[in-house]
Each structure stands twice: as structure tokens, then as C-alpha cells.
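This is work_35.cif (mmCIF, C-alpha atoms; chains and numbers go by the auth columns).
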data_upload
loop_
_atom_site.group_PDB
_atom_site.id
_atom_site.type_symbol
_atom_site.label_atom_id
_atom_site.label_comp_id
_atom_site.label_asym_id
_atom_site.label_seq_id
_atom_site.Cartn_x
_atom_site.Cartn_y
_atom_site.Cartn_z
_atom_site.B_iso_or_equiv
_atom_site.auth_seq_id
_atom_site.auth_asym_id
ATOM 1 C CA MET A 1 -10.841 -48.870 -5.527 0.00 1263 A
ATOM 2 C CA SER A 2 -11.102 -49.133 -9.261 0.00 1264 A
ATOM 3 C CA GLY A 3 -14.483 -49.100 -10.989 0.00 1265 A
ATOM 4 C CA PRO A 4 -15.632 -48.764 -14.588 0.00 1266 A
ATOM 5 C CA PHE A 5 -15.538 -44.972 -14.364 0.00 1267 A
ATOM 6 C CA THR A 6 -12.134 -44.572 -12.681 0.00 1268 A
ATOM 7 C CA SER A 7 -10.413 -43.101 -15.732 0.00 1269 A
ATOM 8 C CA LEU A 8 -13.323 -40.683 -16.171 0.00 1270 A
ATOM 9 C CA ASP A 9 -13.006 -39.612 -12.525 0.00 1271 A
ATOM 10 C CA ILE A 10 -9.223 -39.188 -12.800 0.00 1272 A
ATOM 11 C CA ALA A 11 -9.614 -37.046 -15.921 0.00 1273 A
ATOM 12 C CA LEU A 12 -12.195 -35.023 -14.010 0.00 1274 A
ATOM 13 C CA THR A 13 -9.678 -34.226 -11.247 0.00 1275 A
ATOM 14 C CA GLY A 14 -7.308 -32.961 -13.964 0.00 1276 A
ATOM 15 C CA MET A 15 -10.048 -30.751 -15.372 0.00 1277 A
ATOM 16 C CA GLY A 16 -10.818 -29.468 -11.900 0.00 1278 A
ATOM 17 C CA PHE A 17 -7.178 -28.644 -11.247 0.00 1279 A
ATOM 18 C CA ALA A 18 -6.786 -26.885 -14.612 0.00 1280 A
ATOM 19 C CA HIS A 19 -9.949 -24.919 -13.917 0.00 1281 A
ATOM 20 C CA TYR A 20 -8.656 -23.828 -10.499 0.00 1282 A
ATOM 21 C CA TRP A 21 -5.289 -22.919 -12.001 0.00 1283 A
ATOM 22 C CA GLN A 22 -6.997 -20.805 -14.655 0.00 1284 A
ATOM 23 C CA GLU A 23 -8.980 -19.016 -11.948 0.00 1285 A
ATOM 24 C CA THR A 24 -5.725 -18.222 -10.139 0.00 1286 A
ATOM 25 C CA VAL A 25 -4.070 -16.924 -13.317 0.00 1287 A
ATOM 26 C CA SER A 26 -7.142 -14.834 -13.979 0.00 1288 A
ATOM 27 C CA HIS A 27 -6.896 -13.366 -10.471 0.00 1289 A
ATOM 28 C CA ASN A 28 -3.204 -12.579 -10.947 0.00 1290 A
ATOM 29 C CA ILE A 29 -3.739 -10.870 -14.307 0.00 1291 A
ATOM 30 C CA ALA A 30 -6.743 -8.959 -12.986 0.00 1292 A
ATOM 31 C CA ASN A 31 -4.445 -7.517 -10.303 0.00 1293 A
ATOM 32 C CA ILE A 32 -1.703 -6.500 -12.705 0.00 1294 A
ATOM 33 C CA ASN A 33 -2.236 -2.809 -11.807 0.00 1295 A
ATOM 34 C CA THR A 34 -2.898 -3.272 -8.103 0.00 1296 A
ATOM 35 C CA VAL A 35 -0.628 -1.030 -6.061 0.00 1297 A
ATOM 36 C CA SER A 36 -0.276 -1.219 -2.335 0.00 1298 A
ATOM 37 C CA THR A 37 1.908 -0.279 0.597 0.00 1299 A
ATOM 38 C CA PHE A 38 5.303 -1.988 0.905 0.00 1300 A
ATOM 39 C CA ASP A 39 4.321 -4.075 3.927 0.00 1301 A
ATOM 40 C CA LYS A 40 1.553 -5.831 1.990 0.00 1302 A
ATOM 41 C CA PRO A 41 2.111 -5.749 -1.790 0.00 1303 A
ATOM 42 C CA PHE A 42 -0.042 -7.818 -4.131 0.00 1304 A
ATOM 43 C CA ARG A 43 1.712 -11.145 -4.788 0.00 1305 A
ATOM 44 C CA ALA A 44 0.783 -13.538 -7.580 0.00 1306 A
ATOM 45 C CA ARG A 45 -0.861 -16.731 -6.334 0.00 1307 A
ATOM 46 C CA MET A 46 0.640 -20.012 -7.445 0.00 1308 A
ATOM 47 C CA VAL A 47 -1.185 -23.348 -7.315 0.00 1309 A
ATOM 48 C CA VAL A 48 0.721 -26.387 -6.059 0.00 1310 A
ATOM 49 C CA ALA A 49 -0.299 -29.723 -7.575 0.00 1311 A
ATOM 50 C CA GLN A 50 -0.386 -32.930 -5.574 0.00 1312 A
ATOM 51 C CA PRO A 51 -1.154 -36.476 -6.772 0.00 1313 A
ATOM 52 C CA ILE A 52 -4.152 -38.171 -5.137 0.00 1314 A
ATOM 53 C CA ASP A 53 -3.533 -41.582 -3.498 0.00 1315 A
ATOM 54 C CA PRO A 54 -0.115 -42.346 -5.055 0.00 1316 A
ATOM 55 C CA SER A 55 -0.060 -45.737 -3.220 0.00 1317 A
ATOM 56 C CA SER A 56 -2.744 -47.240 -5.482 0.00 1318 A
ATOM 57 C CA ALA A 57 -1.531 -48.843 -8.688 0.00 1319 A
ATOM 58 C CA SER A 58 -3.215 -46.478 -11.124 0.00 1320 A
ATOM 59 C CA GLY A 59 -3.331 -43.416 -8.863 0.00 1321 A
ATOM 60 C CA GLY A 60 -6.338 -41.232 -8.299 0.00 1322 A
ATOM 61 C CA GLY A 61 -5.647 -38.015 -10.166 0.00 1323 A
ATOM 62 C CA VAL A 62 -4.485 -34.601 -9.053 0.00 1324 A
ATOM 63 C CA ALA A 63 -5.508 -32.162 -6.351 0.00 1325 A
ATOM 64 C CA VAL A 64 -4.609 -28.653 -5.257 0.00 1326 A
ATOM 65 C CA ALA A 65 -2.169 -29.093 -2.356 0.00 1327 A
ATOM 66 C CA GLU A 66 -1.841 -25.431 -1.455 0.00 1328 A
ATOM 67 C CA VAL A 67 -1.771 -21.947 -2.928 0.00 1329 A
ATOM 68 C CA LEU A 68 1.500 -20.084 -2.460 0.00 1330 A
ATOM 69 C CA GLU A 69 2.332 -16.428 -3.010 0.00 1331 A
ATOM 70 C CA GLN A 70 5.147 -15.353 -5.284 0.00 1332 A
ATOM 71 C CA GLY A 71 8.220 -14.093 -3.444 0.00 1333 A
ATOM 72 C CA GLY A 72 10.535 -11.235 -4.383 0.00 1334 A
ATOM 73 C CA ASP A 73 10.550 -7.498 -3.831 0.00 1335 A
ATOM 74 C CA PRO A 74 7.744 -5.368 -5.277 0.00 1336 A
ATOM 75 C CA THR A 75 8.641 -2.831 -7.945 0.00 1337 A
ATOM 76 C CA PRO A 76 8.660 0.661 -6.414 0.00 1338 A
ATOM 77 C CA LEU A 77 6.436 3.041 -8.368 0.00 1339 A
ATOM 78 C CA PHE A 78 6.788 6.799 -7.879 0.00 1340 A
ATOM 79 C CA GLN A 79 3.294 8.063 -7.066 0.00 1341 A
ATOM 80 C CA PRO A 80 3.720 10.857 -4.508 0.00 1342 A
ATOM 81 C CA ASP A 81 0.030 11.834 -4.709 0.00 1343 A
ATOM 82 C CA SER A 82 -1.157 8.366 -3.722 0.00 1344 A
ATOM 83 C CA PRO A 83 -2.416 7.998 -0.144 0.00 1345 A
ATOM 84 C CA LEU A 84 -0.581 4.647 -0.093 0.00 1346 A
ATOM 85 C CA ALA A 85 2.809 6.257 -0.822 0.00 1347 A
ATOM 86 C CA ASN A 86 5.618 6.032 1.730 0.00 1348 A
ATOM 87 C CA ALA A 87 7.679 8.972 2.950 0.00 1349 A
ATOM 88 C CA ASP A 88 9.741 8.972 -0.290 0.00 1350 A
ATOM 89 C CA GLY A 89 6.593 9.006 -2.480 0.00 1351 A
ATOM 90 C CA PHE A 90 6.755 5.374 -3.617 0.00 1352 A
ATOM 91 C CA VAL A 91 3.993 2.741 -3.697 0.00 1353 A
ATOM 92 C CA ALA A 92 4.551 -0.989 -4.042 0.00 1354 A
ATOM 93 C CA GLY A 93 3.758 -2.406 -7.477 0.00 1355 A
ATOM 94 C CA PRO A 94 2.296 -5.903 -7.806 0.00 1356 A
ATOM 95 C CA VAL A 95 4.621 -8.910 -7.680 0.00 1357 A
ATOM 96 C CA VAL A 96 3.264 -10.453 -10.883 0.00 1358 A
ATOM 97 C CA ASP A 97 5.216 -11.614 -13.909 0.00 1359 A
ATOM 98 C CA LEU A 98 2.742 -10.960 -16.736 0.00 1360 A
ATOM 99 C CA ALA A 99 4.694 -12.997 -19.315 0.00 1361 A
ATOM 100 C CA GLY A 100 4.837 -15.929 -16.911 0.00 1362 A
ATOM 101 C CA GLN A 101 1.111 -15.593 -16.222 0.00 1363 A
ATOM 102 C CA MET A 102 0.370 -15.644 -19.957 0.00 1364 A
ATOM 103 C CA SER A 103 2.325 -18.899 -20.341 0.00 1365 A
ATOM 104 C CA ASP A 104 0.520 -20.317 -17.309 0.00 1366 A
ATOM 105 C CA LEU A 105 -2.755 -19.322 -18.969 0.00 1367 A
ATOM 106 C CA ILE A 106 -1.828 -21.285 -22.108 0.00 1368 A
ATOM 107 C CA LEU A 107 -0.610 -24.235 -20.018 0.00 1369 A
ATOM 108 C CA SER A 108 -3.760 -24.340 -17.898 0.00 1370 A
ATOM 109 C CA SER A 109 -6.103 -24.203 -20.879 0.00 1371 A
ATOM 110 C CA ARG A 110 -4.074 -26.909 -22.666 0.00 1372 A
ATOM 111 C CA MET A 111 -4.207 -29.014 -19.500 0.00 1373 A
ATOM 112 C CA TYR A 112 -7.990 -28.634 -19.441 0.00 1374 A
ATOM 113 C CA GLN A 113 -8.216 -29.665 -23.104 0.00 1375 A
ATOM 114 C CA ALA A 114 -5.881 -32.627 -22.590 0.00 1376 A
ATOM 115 C CA ASN A 115 -7.999 -33.932 -19.727 0.00 1377 A
ATOM 116 C CA ILE A 116 -11.139 -33.480 -21.819 0.00 1378 A
ATOM 117 C CA SER A 117 -9.466 -35.615 -24.504 0.00 1379 A
ATOM 118 C CA VAL A 118 -8.685 -38.326 -21.940 0.00 1380 A
ATOM 119 C CA HIS A 119 -12.288 -38.199 -20.724 0.00 1381 A
ATOM 120 C CA LYS A 120 -13.613 -38.479 -24.282 0.00 1382 A
ATOM 121 C CA GLU A 121 -11.338 -41.413 -25.148 0.00 1383 A
ATOM 122 C CA ALA A 122 -12.311 -43.258 -21.961 0.00 1384 A
ATOM 123 C CA ARG A 123 -15.976 -42.615 -22.694 0.00 1385 A
ATOM 124 C CA ASP A 124 -15.615 -43.846 -26.292 0.00 1386 A
ATOM 125 C CA ALA A 125 -13.879 -46.991 -25.046 0.00 1387 A
ATOM 126 C CA LEU A 126 -16.676 -47.682 -22.549 0.00 1388 A
ATOM 127 C CA GLU A 127 -19.292 -47.068 -25.235 0.00 1389 A
ATOM 128 C CA ALA A 128 -17.527 -49.491 -27.566 0.00 1390 A
ATOM 129 C CA ALA A 129 -17.383 -52.042 -24.748 0.00 1391 A
ATOM 130 C CA ALA A 130 -21.120 -51.637 -24.172 0.00 1392 A
ATOM 131 C CA ASN A 131 -21.678 -52.526 -27.827 0.00 1393 A
ATOM 132 C CA LEU A 132 -19.421 -55.603 -27.740 0.00 1394 A
ATOM 133 C CA GLY A 133 -20.790 -58.539 -29.704 0.00 1395 A
ATOM 134 C CA LYS A 134 -23.510 -56.518 -31.390 0.00 1396 A
ATOM 135 C CA MET B 1 -52.287 -85.486 -9.271 0.00 63 B
ATOM 136 C CA ALA B 2 -52.171 -82.562 -6.889 0.00 64 B
ATOM 137 C CA VAL B 3 -51.377 -79.164 -8.290 0.00 65 B
ATOM 138 C CA THR B 4 -49.468 -76.900 -5.921 0.00 66 B
ATOM 139 C CA PRO B 5 -51.005 -73.435 -5.887 0.00 67 B
ATOM 140 C CA ILE B 6 -48.914 -70.488 -7.027 0.00 68 B
ATOM 141 C CA THR B 7 -47.860 -68.439 -4.027 0.00 69 B
ATOM 142 C CA ALA B 8 -47.550 -64.676 -4.211 0.00 70 B
ATOM 143 C CA ILE B 9 -44.057 -63.323 -4.793 0.00 71 B
ATOM 144 C CA GLY B 10 -42.129 -62.991 -1.553 0.00 72 B
ATOM 145 C CA THR B 11 -44.586 -65.026 0.529 0.00 73 B
ATOM 146 C CA SER B 12 -43.341 -68.506 -0.302 0.00 74 B
ATOM 147 C CA ALA B 13 -41.794 -70.628 2.427 0.00 75 B
ATOM 148 C CA THR B 14 -38.357 -70.364 0.827 0.00 76 B
ATOM 149 C CA GLY B 15 -38.932 -66.551 0.679 0.00 77 B
ATOM 150 C CA ALA B 16 -36.879 -64.311 -1.570 0.00 78 B
ATOM 151 C CA ALA B 17 -36.065 -62.174 1.463 0.00 79 B
ATOM 152 C CA ASN B 18 -33.912 -64.739 3.265 0.00 80 B
ATOM 153 C CA LYS B 19 -32.282 -65.998 0.065 0.00 81 B
ATOM 154 C CA ALA B 20 -28.655 -64.989 -0.448 0.00 82 B
ATOM 155 C CA PRO B 21 -28.396 -62.356 -3.201 0.00 83 B
ATOM 156 C CA SER B 22 -27.180 -64.231 -6.244 0.00 84 B
ATOM 157 C CA GLY B 23 -28.176 -65.017 -9.791 0.00 85 B
ATOM 158 C CA PHE B 24 -29.040 -62.992 -12.846 0.00 86 B
ATOM 159 C CA GLY B 25 -32.126 -61.311 -11.378 0.00 87 B
ATOM 160 C CA ASP B 26 -30.221 -59.868 -8.426 0.00 88 B
ATOM 161 C CA ALA B 27 -27.357 -58.744 -10.642 0.00 89 B
ATOM 162 C CA ILE B 28 -29.828 -56.937 -12.896 0.00 90 B
ATOM 163 C CA ALA B 29 -31.538 -55.366 -9.883 0.00 91 B
ATOM 164 C CA ARG B 30 -28.218 -54.112 -8.509 0.00 92 B
ATOM 165 C CA GLY B 31 -27.280 -52.807 -11.972 0.00 93 B
ATOM 166 C CA ILE B 32 -30.557 -50.906 -12.252 0.00 94 B
ATOM 167 C CA GLU B 33 -29.972 -49.438 -8.799 0.00 95 B
ATOM 168 C CA ASN B 34 -26.475 -48.287 -9.816 0.00 96 B
ATOM 169 C CA VAL B 35 -27.823 -46.677 -12.991 0.00 97 B
ATOM 170 C CA SER B 36 -30.521 -45.001 -10.934 0.00 98 B
ATOM 171 C CA ASN B 37 -27.880 -43.639 -8.538 0.00 99 B
ATOM 172 C CA LEU B 38 -25.828 -42.305 -11.467 0.00 100 B
ATOM 173 C CA GLN B 39 -28.892 -40.584 -12.865 0.00 101 B
ATOM 174 C CA SER B 40 -29.850 -39.023 -9.566 0.00 102 B
ATOM 175 C CA SER B 41 -26.310 -37.698 -9.018 0.00 103 B
ATOM 176 C CA ALA B 42 -26.330 -36.257 -12.547 0.00 104 B
ATOM 177 C CA ASP B 43 -29.698 -34.728 -11.798 0.00 105 B
ATOM 178 C CA SER B 44 -28.539 -33.133 -8.539 0.00 106 B
ATOM 179 C CA ALA B 45 -25.334 -31.823 -10.181 0.00 107 B
ATOM 180 C CA LEU B 46 -27.415 -30.252 -12.945 0.00 108 B
ATOM 181 C CA SER B 47 -29.912 -28.619 -10.617 0.00 109 B
ATOM 182 C CA GLN B 48 -27.094 -27.367 -8.375 0.00 110 B
ATOM 183 C CA PHE B 49 -25.355 -25.883 -11.428 0.00 111 B
ATOM 184 C CA ALA B 50 -28.585 -24.297 -12.659 0.00 112 B
ATOM 185 C CA ALA B 51 -29.135 -22.783 -9.212 0.00 113 B
ATOM 186 C CA GLY B 52 -25.680 -21.177 -9.352 0.00 114 B
ATOM 187 C CA GLY B 53 -24.151 -23.534 -6.807 0.00 115 B
ATOM 188 C CA ASN B 54 -20.472 -24.391 -6.389 0.00 116 B
ATOM 189 C CA VAL B 55 -20.423 -26.892 -9.285 0.00 117 B
ATOM 190 C CA GLN B 56 -18.263 -26.579 -12.388 0.00 118 B
ATOM 191 C CA ILE B 57 -19.697 -27.280 -15.830 0.00 119 B
ATOM 192 C CA HIS B 58 -17.279 -30.162 -16.455 0.00 120 B
ATOM 193 C CA GLU B 59 -18.534 -31.872 -13.291 0.00 121 B
ATOM 194 C CA VAL B 60 -22.105 -31.658 -14.589 0.00 122 B
ATOM 195 C CA MET B 61 -21.157 -32.971 -18.019 0.00 123 B
ATOM 196 C CA ALA B 62 -19.088 -35.812 -16.528 0.00 124 B
ATOM 197 C CA ALA B 63 -21.990 -36.833 -14.296 0.00 125 B
ATOM 198 C CA THR B 64 -24.411 -36.810 -17.237 0.00 126 B
ATOM 199 C CA SER B 65 -22.038 -38.814 -19.445 0.00 127 B
ATOM 200 C CA LYS B 66 -21.649 -41.390 -16.660 0.00 128 B
ATOM 201 C CA ALA B 67 -25.433 -41.638 -16.424 0.00 129 B
ATOM 202 C CA THR B 68 -25.678 -42.002 -20.223 0.00 130 B
ATOM 203 C CA LEU B 69 -23.076 -44.784 -20.238 0.00 131 B
ATOM 204 C CA GLY B 70 -24.792 -46.623 -17.401 0.00 132 B
ATOM 205 C CA MET B 71 -28.119 -46.371 -19.182 0.00 133 B
ATOM 206 C CA GLN B 72 -26.594 -47.664 -22.432 0.00 134 B
ATOM 207 C CA VAL B 73 -25.108 -50.684 -20.676 0.00 135 B
ATOM 208 C CA MET B 74 -28.424 -51.389 -18.957 0.00 136 B
ATOM 209 C CA VAL B 75 -30.371 -51.180 -22.239 0.00 137 B
ATOM 210 C CA GLU B 76 -27.837 -53.526 -23.870 0.00 138 B
ATOM 211 C CA MET B 77 -28.261 -55.990 -21.005 0.00 139 B
ATOM 212 C CA ARG B 78 -32.028 -55.870 -21.460 0.00 140 B
ATOM 213 C CA ASN B 79 -31.652 -56.427 -25.214 0.00 141 B
ATOM 214 C CA ARG B 80 -29.424 -59.480 -24.672 0.00 142 B
ATOM 215 C CA ALA B 81 -31.764 -60.958 -22.085 0.00 143 B
ATOM 216 C CA LEU B 82 -34.773 -60.375 -24.317 0.00 144 B
ATOM 217 C CA GLU B 83 -32.939 -61.895 -27.277 0.00 145 B
ATOM 218 C CA ALA B 84 -32.180 -65.025 -25.258 0.00 146 B
ATOM 219 C CA TYR B 85 -35.798 -65.219 -24.106 0.00 147 B
ATOM 220 C CA GLN B 86 -37.102 -64.861 -27.666 0.00 148 B
ATOM 221 C CA GLN B 87 -34.761 -67.547 -28.948 0.00 149 B
ATOM 222 C CA ILE B 88 -36.102 -69.916 -26.341 0.00 150 B
ATOM 223 C CA MET B 89 -39.687 -68.939 -27.168 0.00 151 B
ATOM 224 C CA ASN B 90 -39.063 -69.665 -30.851 0.00 152 B
ATOM 225 C CA ILE B 91 -37.984 -73.263 -30.173 0.00 153 B
ATOM 226 C CA GLN B 92 -40.330 -75.596 -32.098 0.00 154 B
ATOM 227 C CA VAL B 93 -42.064 -78.159 -29.911 0.00 155 B
#

As C-alpha cells, please, write out the structure in this file.
Amino acid sequence: MSGPFTSLDIALTGMGFAHYWQETVSHNIANINTVSTFDKPFRARMVVAQPIDPSSASGGGVAVAEVLEQGGDPTPLFQPDSPLANADGFVAGPVVDLAGQMSDLILSSRMYQANISVHKEARDALEAAANLGK
Amino acid sequence: MAVTPITAIGTSATGAANKAPSGFGDAIARGIENVSNLQSSADSALSQFAAGGNVQIHEVMAATSKATLGMQVMVEMRNRALEAYQQIMNIQV
């Protein structure tokens, strides 16, 4: 269903998604030094986007479909004194690509800004419509 | 000539209650109700945010801007209606 505030609501879903994404990036960067055992290393969390109601003509925005964990082998770090070390003295480093996280950080904050711009334009248009014929 | 007495609102035989909702008055009433709903949702979002609830700041601001827009439209509607009324009142007889 499409109402007068549909574009505002759609922009809001974009802001919400960008906010969630930024939280995830923040979590990943905060764990950049988290070491663990090899059976359960820290893996970067990745947000999967999903369009809302793609059958409607204008769509309904975006939602978080699921949160996945980054694959790949953890970097072995030689820390023989660590209680988490295996028999060879290695602990599992985090599976986080810091450079990739920094680009995701820029992307998520730009996405937030872009959706704020959409919201502002839609609001200005509605305000102008309210003053029609004045 | 007999003068029919003025009946109290809502008690007349044709009763406003069993009249189908139509016309300018009903549209205005529904509009005011919508604006009121927007304002109460903005209000609850704000108080939830202030209480540290699970509400993001953009949700609060979006709710308040919706309420502002609704209020603006309602005030404009009132201005137009009042303008029309005053134009009729200014007709020379």
C-alpha cells in the first residue's frame, strides 16, 4: 500500500540497514585483536541485504536478510604462553580483513547519508505540496 | 409560520450516527485523527528513545518529521476552509 509517507518510510529502511551494517563493521573492527582456539576463531560478520516486498510496483525498501560469518582459515599466531595455544604453540587470529572493513565503514556511512538525502528531498517535496496554491 | 426547533447535535431523527461517513466534515475529522495518530507515534518513539529503548535516532526524527508534515497539511486545510468561510461572510447583501 502506498501512502503519502511511503518514500519517507522506504528511506527509513535504508537508514536502518546502514545503521545495522555500521554496527556490524564496528563489531568486526573491535575484534581485530581477538585470538581464539582453532576450532572457534573470530570471524567477521557480514550483513546480507534483502529487498522488502519486491512484488509491489515501487518496492518497500531494504531489510537485513541474515548475518553471515566470513569464511577462510584463521591466521596462525605463535603465542606459546597463551592458554588458548595448541600443542605447537599457535593461537587462531581473527578472520577479519581490516582494509575491507574500512571500505565497508565508508560505504555504510555513505549509504546512511544517501538515505538521509532521499528522506530530506521527499520531505521538502511534501512540504512544497502542502503549500500549493498559497 | 411554524419554526422547527433546533435539535441538539446527534439527537436529530436523521442522526449523524447512522449517516454514511462522507462530506468535508468527515474528511476533516479523519484527517485530524490521522495527524493525532502521527503525533502520538512520534511521542512514543521519543519517550522510548529517551528511556534508552531499542529505538534509533533516525526513527525518532522520521516520526517527528511525519508529525510535523501532517500538522502543516492540517493547518493549511484549516486556513483554506476559513478563507472560504470569510469570503462568503464578506458577501454584500

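Taken over the whole file, the PyMOL selection byres ((chain A) within 8 of (chain B)) covers exactly Phe1267, Leu1270, Leu1274, Met1277, Gly1278, Arg1385, Leu1388, Glu1389, Ala1392 and Asn1393 of chain A.
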
At a cut-off of 9 Å, using all atoms listed in the file, what residues contact Ser1379 of chain A? Leave out same-chain residues fewer than 5 positions from it and give the result as a tab-separated table (two decimals) with C-alpha atoms, in the coordinates of the input.
chain	number	residue	atom	x	y	z
A	1273	ALA	CA	-9.61	-37.05	-15.92
A	1374	TYR	CA	-7.99	-28.63	-19.44
A	1384	ALA	CA	-12.31	-43.26	-21.96

Contacts of Leu1360 of chain A at 8 Å or less, counting all atoms listed in the file, minus same-chain residues fewer than 2 places along, as an NGL selection string? :A and (1291 or 1294 or 1358 or 1362-1364)

Just say which residues the PyMOL selection byres ((chain A and resi 1296) around 10) picks in this file, as a list in words. Asn1290, Ile1291, Ala1292, Asn1293, Ile1294, Asn1295, Val1297, Ser1298, Pro1303, Phe1304, Arg1305, Ala1354, Gly1355, Pro1356, Val1357 and Val1358 of chain A

With C-alpha atoms retained, write the just-selected residues as a compact mmCIF listing (two decimals), keeping the file's coordinate frame.
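Final file, result-v3.txt:
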# COMPACT_ATOMS: atom_id res chain seq x y z
CA ASN A 1290 -3.20 -12.58 -10.95
CA ILE A 1291 -3.74 -10.87 -14.31
CA ALA A 1292 -6.74 -8.96 -12.99
CA ASN A 1293 -4.44 -7.52 -10.30
CA ILE A 1294 -1.70 -6.50 -12.70
CA ASN A 1295 -2.24 -2.81 -11.81
CA VAL A 1297 -0.63 -1.03 -6.06
CA SER A 1298 -0.28 -1.22 -2.34
CA PRO A 1303 2.11 -5.75 -1.79
CA PHE A 1304 -0.04 -7.82 -4.13
CA ARG A 1305 1.71 -11.14 -4.79
CA ALA A 1354 4.55 -0.99 -4.04
CA GLY A 1355 3.76 -2.41 -7.48
CA PRO A 1356 2.30 -5.90 -7.81
CA VAL A 1357 4.62 -8.91 -7.68
CA VAL A 1358 3.26 -10.45 -10.88

For Phe1279 of chain A: contacts at 9 Å, all atoms listed in the file, fewer than 6 positions along chain excluded, given as a PDB file with C-alpha atoms, in the frame of the given file:
ATOM      1  CA  VAL A1309      -1.185 -23.348  -7.315  1.00  0.00           C
ATOM      2  CA  ALA A1311      -0.299 -29.723  -7.575  1.00  0.00           C
ATOM      3  CA  VAL A1324      -4.485 -34.601  -9.053  1.00  0.00           C
ATOM      4  CA  ALA A1325      -5.508 -32.162  -6.351  1.00  0.00           C
ATOM      5  CA  VAL A1326      -4.609 -28.653  -5.257  1.00  0.00           C
ATOM      6  CA  SER A1370      -3.760 -24.340 -17.898  1.00  0.00           C
ATOM      7  CA  MET A1373      -4.207 -29.014 -19.500  1.00  0.00           C
ATOM      8  CA  TYR A1374      -7.990 -28.634 -19.441  1.00  0.00           C
TER       9      TYR A1374
END

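Within 12 Å of the point (-30.5, -33.9, -11.7), counting only C-alpha atoms, the protein and nucleic acid residues come to Ser98, Asn99, Leu100, Gln101, Ser102, Ser103, Ala104, Asp105, Ser106, Ala107, Leu108, Ser109, Gln110, Phe111, Ala112, Ala113, Val122, Met123, Ala125, Thr126 and Ala129 of chain B.
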
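Among the candidates A:Ser1288, A:Pro1266, A:Gly1334, A:Gln1312, the one nearest to Ala1391 of chain A when counting all atoms listed in the file is A:Pro1266.
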
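For Val1329 of chain A, the non-local neighbours within 9 Å, defined as residues at least 6 positions apart in the same chain or in other chains and counting only C-alpha atoms, are Arg1307, Met1308, Val1309 and Val1310 of chain A.
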
Provide an axis-aligned box for all listed atoms of segment 1312-1317 of chain A, padding each side by 6 Å; report its centre and its edge lengths in Å to one decimal, as JSON.
{"center_x": -2.1, "center_y": -39.3, "center_z": -5.0, "size_x": 16.1, "size_y": 24.8, "size_z": 15.6}
